[in-house]
Protein chains: 4
Amino acid sequence: MDNIDYQHIFDDISHELKSFDEQGEVASYIPELKNVDPQKFGAHLTTIENEHFSFGDSTEKFSIQSISKVLSLSLALKICGDKVWDRVGVEPSGSAFNSLVQLEYEKGIPRNPLINAGAIVICDILVEYLDDPKSEVLDFIRGITGLSSIGYSQKVAESERRTGYRNYSLVNLMKDFGNIHNDTETVLDLYFTLCSIEMTCKELAQTFLFLASGGVSSMVNKTIVSPTGAKRINSIMQMCGFYDEAGEFAFTTGLPGKSGVGGGIVAIHPEKYCIAVWSPKLNLKGNSYKGMKTLELLTAKTKSSIFE
Amino acid sequence: MDNIDYQHIFDDISHELKSFDEQGEVASYIPELKNVDPQKFGAHLTTIENEHFSFGDSTEKFSIQSISKVLSLSLALKICGDKVWDRVGVEPSGSAFNSLVQLEYEKGIPRNPLINAGAIVICDILVEYLDDPKSEVLDFIRGITGLSSIGYSQKVAESERRTGYRNYSLVNLMKDFGNIHNDTETVLDLYFTLCSIEMTCKELAQTFLFLASGGVSSMVNKTIVSPTGAKRINSIMQMCGFYDEAGEFAFTTGLPGKSGVGGGIVAIHPEKYCIAVWSPKLNLKGNSYKGMKTLELLTAKTKSSIFE
Amino acid sequence: MDNIDYQHIFDDISHELKSFDEQGEVASYIPELKNVDPQKFGAHLTTIENEHFSFGDSTEKFSIQSISKVLSLSLALKICGDKVWDRVGVEPSGSAFNSLVQLEYEKGIPRNPLINAGAIVICDILVEYLDDPKSEVLDFIRGITGLSSIGYSQKVAESERRTGYRNYSLVNLMKDFGNIHNDTETVLDLYFTLCSIEMTCKELAQTFLFLASGGVSSMVNKTIVSPTGAKRINSIMQMCGFYDEAGEFAFTTGLPGKSGVGGGIVAIHPEKYCIAVWSPKLNLKGNSYKGMKTLELLTAKTKSSIFE
Amino acid sequence: MDNIDYQHIFDDISHELKSFDEQGEVASYIPELKNVDPQKFGAHLTTIENEHFSFGDSTEKFSIQSISKVLSLSLALKICGDKVWDRVGVEPSGSAFNSLVQLEYEKGIPRNPLINAGAIVICDILVEYLDDPKSEVLDFIRGITGLSSIGYSQKVAESERRTGYRNYSLVNLMKDFGNIHNDTETVLDLYFTLCSIEMTCKELAQTFLFLASGGVSSMVNKTIVSPTGAKRINSIMQMCGFYDEAGEFAFTTGLPGKSGVGGGIVAIHPEKYCIAVWSPKLNLKGNSYKGMKTLELLTAKTKSSIFE
């Protein structure tokens, strides 16, 4: 244990950011995200010694959106190992998060599993291997912590589907290149459903803690992924977890992490802790404005990024 | 100290890679690189407790090429701090290392200081602030360790200049966007000269050790950059140090690092060690084939990447 | 009349090209195109004075494919005039004929109506204005000449649909930008059906003759499009009719024209004639190899391109 | 002769456009262009029967800028024929007129000789073949008409050089690909000098008339280029003469032509006439706003584009 008083630091951060200039816009492409109270703000940190610290709206559910891409990747790696990398890369995308340009240029192989195209390929793999993908993926996610309170929002999933033309475009382009093997609707149904998962900051921090502990979930005393798997997922989050702001996040915060347009961010300090933060207003790159600030302050105040 | 027997691990690695299938090609765009013996292979690791481990051709000089970009960045940050980031970004480039496309798209602001365009902007900054840039930069580099044996190769610098049309193209494009302030020849003279620095693996490991020690060089007992500066340089190396293979290096090795077309690679484990490795044959992405393998084996055998 | 002995010139051309080095490949993405005899070769020229000249397989049906894009454009212009240009441009595409890159860059507005994306927008417009689009478009096409022998191939349309993932991708990308208003399947059903039209060279030359006659079809004594409409369609064919080889065709042949992957090409000499040529082997840019050569020889021998 | 009363049509056009909403901006990157009176407006038309028609400021000198690219191309074709096409293409560029992106993608071969990169390659060819390129090119241009009043503006050439960083960038990129053989400064000196040619509308129309007459200049009774050469230059002007507005110009006007940022446009109706028009205000694509309108009205009123 590193004897850092996280609760004190949390109090400082939430105090500092209270008077913080409010910037950014709540995601508005579906009503379920648009109608969230933009003032919501909370965080939860769990150490690998199972200590808990939190502030604000840390026990309120929100739509984790793209953060779920890390969990579907974890399951795909568990199921079929390195074969995953035949169909998706591990390089940062360096451009808009759902750009078709790069996908066309690279012959239908998405640059990494945390951009939309890559996460859709992961869904295609899961559809291939699972009998009832939606319920089995949910079982896997709940199984990490044993928390059966985690679930999908059918309303969000349905809204995603109705406005998801660009994802339909991605699937069909990848089909043209032979990198989607299953029916478009089945694959996208899983994809949109995974985007709709709702968790609290506390549930998120508990769920992702296995990535700080070499792949083991201490809550259920179970290996979720191998130590190498955990290390690799962390490296992919570091390189690709923040769309075209991955470098900025490494530069200011210095932790592997993943954001979602619902305003959530999860970040890992290997061998130390997992933190989840939520604030719905997004910056121009699509990442939670206050969430980014929270994590920057955390690693500055604790002097504990992975790069120092 | 972590009680890892690095020498034993080094012996294993050099033994394993001896019988290793020889792949890749030595850089051939200038005679000085083309004529290097492709069989050269060596490494040197220095811990922050000042222990030394090595194998092979670790005390032979080679052209560090782009590895020097980290050192010129360090000096620019020391001199003018965060103003550097008005003129160059911190995002991975996600494409060929000297591509003009992205530079044009992003209005003459290079994505990061470790691609050619970005390193040229850093040179422009140094030309602005220093009276005699070439000798003052060399003084800075020598000053990190006190080793006066480190120097430029005028022959390599001259060859770089003669074949450097693409760098002339970059400078002029950035001039068009107003992001180069000084005379083309002066800026490129510094740039090509910095590419020509020659070091041994041992000198490299000693020089870069300050990035593992919060910015302090223990050899000369001096602060080279601030702790925050060291952390940020490490994050930039992590995100941008291996051209379009940065994700792959994070995935397989998991350390901040920087490669050069001379076949050298330097990598940092914060609070633990700095390692330099040299093998001239490059893979298709322009990084040392055997050097990459060496570092992958090192972090696998020591279970000590920054992502676990 | 210009007193050119077209039949003599045709005899020369067919003789010259008989001993011609056979290059190119028959389109192979659907069986109906792949199984066509690659040796087929024929042409038909109709003057505005209603003289007819032909050689080879000029009365055999083939799949006109993208040539039909000019006819659906004609009908859309007839129905809703310049409003068409709010949704599609008139500039050459300068890259692969169905590239998504440019479409994304230009916010879902296809560069012109003769690339796939643009022709799909035209289909969307026709679906909007017509009660029974497929039969009404066929009526329009047959109505140009009164030839009821012209028809769709349900087999080809079905094959196109089965392999048309990239067109599904285009539709969905344009939906995302708001430039497709109707149901995906309805729009693409019309698009694929139009690609499947089968004509002989003679029927093609007769059908397109109205574009050489200021928009009037002399066969049925009817105005098909206005004189300005005809002039503009010709200009679009000149600029955009040959994918990324439009400049080459202007340079060597110098007539407005349109090619299809079935190996057909139609070309117009305003106030003079319309010619259709067919040879299934395609060059690397997707245009009929021998067809291009035939037209080059025709304008060279008659000294009658529009640029001289 | 076609019995069109061009003078009457000119009077109508100049009257119509007098009350015309003034749009666009004068080019401002060099003082010599910026300080031109934006109200200047004139045109001159010469028929192949040597009739002359004009209005407005048709006898005032202006900077023809990129219009000169057609003349240097003509000379290069005269000197070394089809070998020119080994080093530059004939396809429209489909993007910003001096974009580096496409040039890099296409390995240093410019898409056509009327974009900056292509015109620079033409200059490189002329430097290769001529002893005193600047004076010999001027001799060639004067020789088309015998008008010794045509000349360079040293002041404009010098201003171009001082702000021409992007052209330096293009040259160096092409050098990297091996497509520039001579010294950068020598090639660009010729290029910038050619941009600085000054002519009146009357001189321009007389100079370019050979392209309407199968390559023959009737003023000096001399063959300037072969009939095939003239036809091909016309086709290239049609496809590439107006940057990313070539399709628009074909669509609205329907003549081969070339514009310059000085506000001049020259256009050819083969076997009929050559027209030059001048109005300094440019539209967003960099073409003369009123010049474009003048030519659109001319072909509409005479019903005489090459596409009808």
# chains A, B, ... in the order shown; residues from 1 in each chain; ligands from 1
$ closest_atom_pairs --of "chain A" --to "chain C" --cutoff "8 Å" --atoms "only C-alpha atoms" --output "Markdown table"
| residue | atom | partner | partner_atom | distance |
| --- | --- | --- | --- | --- |
| A:Leu100 | CA | C:Val101 | CA | 6.8 |
| A:Val101 | CA | C:Val101 | CA | 4.9 |
| A:Glu104 | CA | C:Leu100 | CA | 7.4 |
| A:Thr163 | CA | C:Asp176 | CA | 7.8 |
| A:Gly164 | CA | C:Asp176 | CA | 7.7 |
| A:Tyr165 | CA | C:Asn172 | CA | 4.9 |
| A:Arg166 | CA | C:Leu173 | CA | 5.3 |
| A:Tyr168 | CA | C:Asn172 | CA | 6.1 |
| A:Ser169 | CA | C:Ser169 | CA | 3.8 |
| A:Leu170 | CA | C:Ser169 | CA | 6.5 |
| A:Val171 | CA | C:Ser169 | CA | 7.4 |
| A:Asn172 | CA | C:Ser169 | CA | 4.9 |
| A:Leu173 | CA | C:Arg166 | CA | 5.3 |
| A:Lys175 | CA | C:Tyr165 | CA | 6.2 |
| A:Asp176 | CA | C:Tyr165 | CA | 5.2 |
$ residues_around --residues "stretch 2-15 of chain D" --least-positions-apart "6" --cutoff "7 Å" --atoms "only C-alpha atoms" --output "mmCIF file with N, CA and C atoms, in the first residue's frame"
data_model
loop_
_atom_site.group_PDB
_atom_site.id
_atom_site.type_symbol
_atom_site.label_atom_id
_atom_site.label_comp_id
_atom_site.auth_asym_id
_atom_site.auth_seq_id
_atom_site.Cartn_x
_atom_site.Cartn_y
_atom_site.Cartn_z
ATOM 1 N N PHE D 53 -13.416 41.683 -81.252
ATOM 2 C CA PHE D 53 -14.506 42.286 -80.489
ATOM 3 C C PHE D 53 -14.007 42.507 -79.067
ATOM 4 N N PHE D 55 -14.687 44.757 -74.992
ATOM 5 C CA PHE D 55 -15.362 45.765 -74.167
ATOM 6 C C PHE D 55 -14.488 46.059 -72.950
ATOM 7 N N THR D 294 -19.058 36.026 -67.333
ATOM 8 C CA THR D 294 -18.973 36.518 -68.712
ATOM 9 C C THR D 294 -18.984 35.349 -69.707
ATOM 10 N N LEU D 297 -22.356 33.522 -69.844
ATOM 11 C CA LEU D 297 -23.333 34.263 -70.649
ATOM 12 C C LEU D 297 -22.996 34.162 -72.140
#
$ residues_around --residues "A:Asn221" --least-positions-apart "4" --cutoff "10 Å" --atoms "only C-alpha atoms" --output "ChimeraX atom specification"
/A:144-145,216-217
$ residues_around --residues "B:Glu91" --least-positions-apart "2" --cutoff "12 Å" --atoms "only C-alpha atoms" --output "JSON, numbers by chain"
{"A": [92, 93, 94, 95, 238, 239, 240, 242, 243, 244, 245, 246, 247, 248, 249, 250, 251, 252], "B": [85, 88, 89, 93, 94, 95, 102, 106, 109, 110, 111, 112, 113, 114, 115, 118, 235, 236, 237, 238, 239, 240, 241, 243, 246]}
$ atom_distance --atom1 "atom CA of C:Ala76" --atom2 "atom CA of C:Arg142"
15.7 Å
